[in-house]
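What follows is one structure encoded as C-alpha cells, with my remarks underneath.
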Amino acid sequence: MLVNRPRGTNDILPGQAEKWQYLEEQIRQICFEYGFSEIRTPIFEQTELFQRGVGETTDVVEKEMYTFLDKGETSLTLRPEGTASTVRAFVENGLYGQPLPLKLYYLGPMFRYDRPQAGRFRQFHQFGVEVLGSRDPLLDAEVMIMAMDLYQRLGLSNLELHLNSVGCPVCRQQHRSALRQFLVPRENALCDNCRRRLERNPMRVLDCKGEKCQEASAGAPVTLHHLCPDCAGHFRVVREALDELAIPYVVNERLVRGLDYYTQTAFEIIVPGIGAQNSIGGGGRYDGLVEEIGGPPTPGVGFALGLERILLALELQGVELPTGSQLNIFVCTLGAEARKTAFELMTRLRRLGLAVNMDYLGRSLKAQMKQAGKSGAQFVVIVGGEELERQAVTVRDMTAGQQTEVALVDIGEFMAERLEGNVRLFSRRRALKIK
Ligand code: HAM
C-alpha cells in the first residue's frame with residue numbers, strides 16, 4: 001500500500017512548480033530593487049531559540065512546534081518562522097559589525113503543527129525580509145510598500161493593509177494593567193488557555209480566535225490609546241510615509257500579531273474573500289528581539305508573506321501567472337540511423353540554451369508529430385528519409401505551419417536566428433562555430 005504524504009503538506013507538481021518559480025523570480029527581483037541580500041539559515045534550530053524569540057505564551061510555541069530530541073538528546077525544532085533564525089544568524093555571525101541597517105531576505109519552508117484547512121498547512125513557504133539596525137519609521141513604511149508592490153506586480157487586487165502600533169515596553173506596561181483590569185472581571189468567560197495567559201501575557205487574549213474570548217474582550221483597552229509620545233510619534237511618521245505614497249491602509253487597533261516580539265508597528269495584509277485564512281502576509285517592528293537572543297541592542301523590522309496563500313489568492317482572483325516553460329524544439333525521427341543523428345543534433349541545440357526534446361518510446365512519425373503538438377514546441381525538426389541522405393533535415397514552424405529544408409551544418413545558426421531570445425548569449429558565437 002502507498003505511504004501518503006504527511007497531513008498538511010503538499011507536492012508541488014510540474015505545471016504548478018513553474019508558477020512557484022515565477023513567483024520566486026519576482027521576489028528575487030524586488031529584493032534586488034529594494035536592496036535586500038539573501039540569507040539561508042538551517043531548517044531546524046535549537047528549540048530554545050523559538051521559546052525565547054517567538055514567546056512562550058504564543059500559540060506557535062505552546063501548540064504548533066515540531067519539536068524532537070535528536071540522538072544526542074538535543075531538543076530541536078523545525079523552524080515555524082524565519083525572524084528568530086535570521087536574528088540568531090545576525091548575532092552568531094557578528095553581522096552587526098557590517099554597515100547598518102542590514103537588509104536580509106529569505107525564502108523557504110516553515111513548519112507549524114496546526115489544523116490543516118484551505119490556506120493553512122503544516123509545511124508552508126514564506127518569503128520574509130528583515131531590516132536590522134535602524135529605528136527609522138521610514139523603514140517600517142518601506143517594508144510595507146515593498147510587500148504591497150510585490151502583490152501589485154503579481155496582479156493581486158482588493159488587498160487591505162491593516163496597521164497598528166503595539167507600543168514599546170514602557171507604554172505596554174500601562175496598557176497591560178488597563179487590559180488586565182478590564183479582563184479580570186470577565187475571566188470566567190475566557191477559554192482555559194486565555195485564563196492561563198491572563199497573568200503573564202493578557203495581550204494574547206485579544207488574539208484568541210475563540211468566539212467567547214472575542215466577545216469577552218470586545219471593547220477592551222487598545223494599545224493605540226496608551227502610546228507614549230515616542231511611540232505615537234513613530235506611528236505618525238509611518239502613516240505619513242504611507243499617505244505620501246498613496247498606499248491605502250486601515251488602522252486596526254485590535255490587530256495583535258501572533259508572535260510576542262513586536263514593538264510599535266504591527267501590520268497584516270488581508271485578501272477578503274479567500275476564506276478564513278485570509279492573511280497573506282504580516283510583520284512589524286521588533287526592537288527588543290536581537291537583545292533577547294543575546295546580541296547587542298539592535299532594532300529590527302520586517303515581514304513574511306505566505307506563498308501558498310498568495311498563489312491561492314491569485315487563482316481565486318483569476319490571475320494567470322506566465323509560466324514560460326515552453327519547449328522550443330521537438331525532434332522527430334524516421335529510422336535507427338536518424339535517431340543517432342537526432343540525438344547528437346538535439347544535444348547541440350541544447351548547448352545553445354534551447355529547450356529540446358525527442359521521442360524515447362519508438363513511436364511512429366505520426367505519433368511523434370502528435371506528441372510534438374502536445375508539447376507546445378515552437379518548431380519540429382524531422383530527421384530521416386531523403387533529406388538525411390542529403391545531410392539535411394526538415395524544420396517545421398508550428399505557429400506558421402511552414403516547412404523548410406535546412407542543411408545539418410546550418411541548423412544551429414538557423415534555430416539561433418529564429419529563437420534569438422532563448423539563445424544564451426555566451427553560446428551564440430559557439431553555436432555558429434559548431435555548425
Ligand atoms: P506570521 O503572521 O506568523 O508572521 O506569518 C506570516 C505569513 O505566513 C502569514 O500571513 C501567512 O500568509 C503565512 N502563514 C503562516 N502560517 C501559515 C500556515 N500554517 N499555512 C500557510 N501559510 C501560513 C511571521 O511568521 C513573522 N516571522 C513575520 C515577520 C517577519 N515579522 C517580522 N519579520
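Ligands are numbered from 1 in the order shown, residues from 1 within each chain, and chains are lettered A, B, ... in the order they appear in the C-alpha cells.
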
Within 6 Å of ligand 1, which residues of chain A show up? Give each one with its shortest atom-to-atom distance in Å (one decimal) and the two atoms involved, counting only C-alpha atoms and all ligand atoms, rows by chain then rising residue number, as CSV.
residue,atom,partner,partner_atom_place_in_ligand_line,distance
A:Glu81,CA,ligand 1,25 (O),4.5
A:Gly82,CA,ligand 1,27 (N),5.2
A:Thr83,CA,ligand 1,27 (N),4.7
A:Arg112,CA,ligand 1,19 (N),5.7
A:Gly119,CA,ligand 1,21 (C),5.4
A:Arg120,CA,ligand 1,20 (N),3.5
A:Phe121,CA,ligand 1,20 (N),4.0
A:Arg122,CA,ligand 1,19 (N),5.5
A:Phe124,CA,ligand 1,21 (C),5.0
A:Gln126,CA,ligand 1,8 (O),5.7
A:Gly128,CA,ligand 1,30 (C),5.8
A:Glu130,CA,ligand 1,33 (N),5.6
A:Ser279,CA,ligand 1,10 (O),4.6
A:Ile280,CA,ligand 1,12 (O),3.6
A:Gly281,CA,ligand 1,10 (O),3.3
A:Gly282,CA,ligand 1,2 (O),4.7
A:Gly283,CA,ligand 1,31 (N),3.5
A:Gly284,CA,ligand 1,32 (C),5.0
A:Val301,CA,ligand 1,32 (C),5.7
A:Gly302,CA,ligand 1,33 (N),3.6
A:Phe303,CA,ligand 1,30 (C),3.5
A:Ala304,CA,ligand 1,28 (C),4.2
A:Leu305,CA,ligand 1,7 (C),4.5
A:Gly306,CA,ligand 1,12 (O),3.4
A:Arg309,CA,ligand 1,12 (O),5.7

Long-range neighbours of Gln326 (chain A) as a PyMOL selection string, 12 Å cut-off, only C-alpha atoms, 6 positions minimum in chain: chain A and resi 15+18+354-357+372-379+422

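Within 12 Å of Ile43 (chain A), once only C-alpha atoms are used and residues closer than 3 positions along the same chain are dropped, the contacting residues are Arg40, Gln46, Thr47, Tyr66, Leu76, Thr77, Leu78, Arg79, Pro80, Glu81, Gly82, Ala84, Ser85, Thr86, Tyr106, Leu107, Gly108, Pro109, Met110, Phe111, Gln123 and His125 of chain A.
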
The selected residues should be written to file as a PDB file, in the first residue's frame (atoms: C-alpha atoms).
ATOM      1  CA  ARG A  40      19.845  30.951   4.243  1.00  0.00           C
ATOM      2  CA  GLN A  46      17.608  24.653  18.958  1.00  0.00           C
ATOM      3  CA  THR A  47      14.122  24.763  20.476  1.00  0.00           C
ATOM      4  CA  TYR A  66       7.515  20.333  15.518  1.00  0.00           C
ATOM      5  CA  LEU A  76      15.461  20.721  18.110  1.00  0.00           C
ATOM      6  CA  THR A  77      12.526  22.389  16.368  1.00  0.00           C
ATOM      7  CA  LEU A  78      11.643  22.685  12.692  1.00  0.00           C
ATOM      8  CA  ARG A  79      11.511  26.455  12.175  1.00  0.00           C
ATOM      9  CA  PRO A  80       7.944  27.778  12.490  1.00  0.00           C
ATOM     10  CA  GLU A  81       9.023  31.195  11.112  1.00  0.00           C
ATOM     11  CA  GLY A  82      12.138  32.956   9.887  1.00  0.00           C
ATOM     12  CA  ALA A  84      14.177  34.292  15.080  1.00  0.00           C
ATOM     13  CA  SER A  85      16.587  32.311  12.883  1.00  0.00           C
ATOM     14  CA  THR A  86      17.638  35.398  10.932  1.00  0.00           C
ATOM     15  CA  TYR A 106      14.761  34.557   2.954  1.00  0.00           C
ATOM     16  CA  LEU A 107      12.561  32.187   1.067  1.00  0.00           C
ATOM     17  CA  GLY A 108      11.726  28.688   2.197  1.00  0.00           C
ATOM     18  CA  PRO A 109       9.624  26.160   4.068  1.00  0.00           C
ATOM     19  CA  MET A 110       8.301  26.727   7.593  1.00  0.00           C
ATOM     20  CA  PHE A 111       6.548  24.201   9.815  1.00  0.00           C
ATOM     21  CA  GLN A 123       4.621  22.761   5.848  1.00  0.00           C
ATOM     22  CA  HIS A 125       6.554  28.570   2.448  1.00  0.00           C
TER      23      HIS A 125
END

For Pro322 (chain A): contacts at 12 Å, only C-alpha atoms, fewer than 2 positions along chain excluded, given as a PDB file with C-alpha atoms, in the first residue's frame:
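The resulting file, part_17.pdb, is reproduced below:
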ATOM      1  CA  GLY A  15       2.677  22.754 -14.063  1.00  0.00           C
ATOM      2  CA  GLN A  16       2.392  24.159 -10.559  1.00  0.00           C
ATOM      3  CA  ALA A  17       6.151  24.320  -9.954  1.00  0.00           C
ATOM      4  CA  GLU A  18       6.552  26.806 -12.836  1.00  0.00           C
ATOM      5  CA  LYS A  19       4.194  29.174 -11.017  1.00  0.00           C
ATOM      6  CA  TRP A  20       6.357  28.881  -7.914  1.00  0.00           C
ATOM      7  CA  GLN A  21       9.433  29.622  -9.989  1.00  0.00           C
ATOM      8  CA  TYR A  22       7.794  32.699 -11.478  1.00  0.00           C
ATOM      9  CA  LEU A  23       6.756  33.883  -8.026  1.00  0.00           C
ATOM     10  CA  GLU A  25      11.774  35.217  -9.640  1.00  0.00           C
ATOM     11  CA  GLN A  26       9.528  38.205  -8.952  1.00  0.00           C
ATOM     12  CA  LEU A 154       1.791  39.751  -9.368  1.00  0.00           C
ATOM     13  CA  GLY A 155      -1.626  41.098 -10.273  1.00  0.00           C
ATOM     14  CA  VAL A 319      -4.867  35.783 -12.403  1.00  0.00           C
ATOM     15  CA  GLU A 320      -2.778  33.508 -14.650  1.00  0.00           C
ATOM     16  CA  GLY A 324       7.355  30.298 -19.651  1.00  0.00           C
ATOM     17  CA  SER A 325       8.103  26.598 -19.661  1.00  0.00           C
ATOM     18  CA  GLN A 326       7.574  26.155 -23.381  1.00  0.00           C
TER      19      GLN A 326
END

DSSP-assigned strand (DSSP E) among region 84-161 of chain A, expressed as JSON, numbers by chain: {"A": [102, 103, 104, 105, 106, 107, 108, 109, 110, 111, 123, 124, 125, 126, 127, 128, 129, 130, 131, 132, 160, 161]}

Got a sec: who's within 8 Å of Ser217 (chain A), counting only C-alpha atoms, leaving out chain neighbours fewer than 4 positions off, as a JSON list (two decimals) with all heavy atoms, in the first residue's frame?
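Below is the file that was written, part36.json:
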[["chain", "number", "residue", "atom", "x", "y", "z"],
["A", 183, "LEU", "N", -10.16, 42.71, 31.85],
["A", 183, "LEU", "CA", -10.40, 41.28, 31.60],
["A", 183, "LEU", "C", -10.66, 40.47, 32.87],
["A", 183, "LEU", "O", -11.43, 39.51, 32.83],
["A", 183, "LEU", "CB", -9.21, 40.67, 30.84],
["A", 183, "LEU", "CG", -9.06, 41.09, 29.37],
["A", 183, "LEU", "CD1", -7.77, 40.53, 28.79],
["A", 183, "LEU", "CD2", -10.25, 40.62, 28.52],
["A", 205, "VAL", "N", -4.93, 37.44, 24.82],
["A", 205, "VAL", "CA", -6.38, 37.22, 24.84],
["A", 205, "VAL", "C", -7.02, 37.91, 23.63],
["A", 205, "VAL", "O", -7.95, 37.39, 23.01],
["A", 205, "VAL", "CB", -6.99, 37.73, 26.17],
["A", 205, "VAL", "CG1", -8.51, 37.56, 26.18],
["A", 205, "VAL", "CG2", -6.35, 37.02, 27.35],
["A", 206, "LEU", "N", -6.48, 39.08, 23.27],
["A", 206, "LEU", "CA", -7.04, 39.82, 22.13],
["A", 206, "LEU", "C", -6.84, 39.06, 20.82],
["A", 206, "LEU", "O", -7.56, 39.27, 19.85],
["A", 206, "LEU", "CB", -6.39, 41.20, 22.02],
["A", 206, "LEU", "CG", -6.49, 42.11, 23.25],
["A", 206, "LEU", "CD1", -5.81, 43.44, 23.00],
["A", 206, "LEU", "CD2", -7.96, 42.35, 23.62],
["A", 213, "CYS", "N", -14.06, 34.27, 23.84],
["A", 213, "CYS", "CA", -12.98, 35.20, 24.21],
["A", 213, "CYS", "C", -13.11, 36.51, 23.43],
["A", 213, "CYS", "O", -12.87, 37.59, 23.95],
["A", 213, "CYS", "CB", -11.62, 34.58, 23.98],
["A", 213, "CYS", "SG", -11.33, 33.16, 25.02]]

May I have the residues within 10 Å of Lys63 (chain A) as an mmCIF file with N, CA and C atoms, in the first residue's frame, using only C-alpha atoms and disregarding those fewer than 4 positions away in the same chain?
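Result went into result_18.cif, see below:
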data_model
loop_
_atom_site.group_PDB
_atom_site.id
_atom_site.type_symbol
_atom_site.label_atom_id
_atom_site.label_comp_id
_atom_site.auth_asym_id
_atom_site.auth_seq_id
_atom_site.Cartn_x
_atom_site.Cartn_y
_atom_site.Cartn_z
ATOM 1 N N THR A 57 4.295 32.098 25.522
ATOM 2 C CA THR A 57 2.831 32.045 25.640
ATOM 3 C C THR A 57 2.115 32.212 24.294
ATOM 4 N N THR A 58 2.855 32.115 23.199
ATOM 5 C CA THR A 58 2.193 32.230 21.890
ATOM 6 C C THR A 58 1.663 30.859 21.471
ATOM 7 N N ASP A 59 0.652 30.868 20.586
ATOM 8 C CA ASP A 59 0.125 29.597 20.052
ATOM 9 C C ASP A 59 1.229 28.830 19.358
ATOM 10 N N ARG A 112 4.435 24.351 10.985
ATOM 11 C CA ARG A 112 3.590 24.603 12.158
ATOM 12 C C ARG A 112 2.569 23.483 12.259
ATOM 13 N N TYR A 113 2.480 22.901 13.431
ATOM 14 C CA TYR A 113 1.515 21.826 13.626
ATOM 15 C C TYR A 113 0.175 22.455 13.983
ATOM 16 N N ASP A 114 -0.593 22.761 12.956
ATOM 17 C CA ASP A 114 -1.900 23.385 13.154
ATOM 18 C C ASP A 114 -2.914 22.535 12.410
#
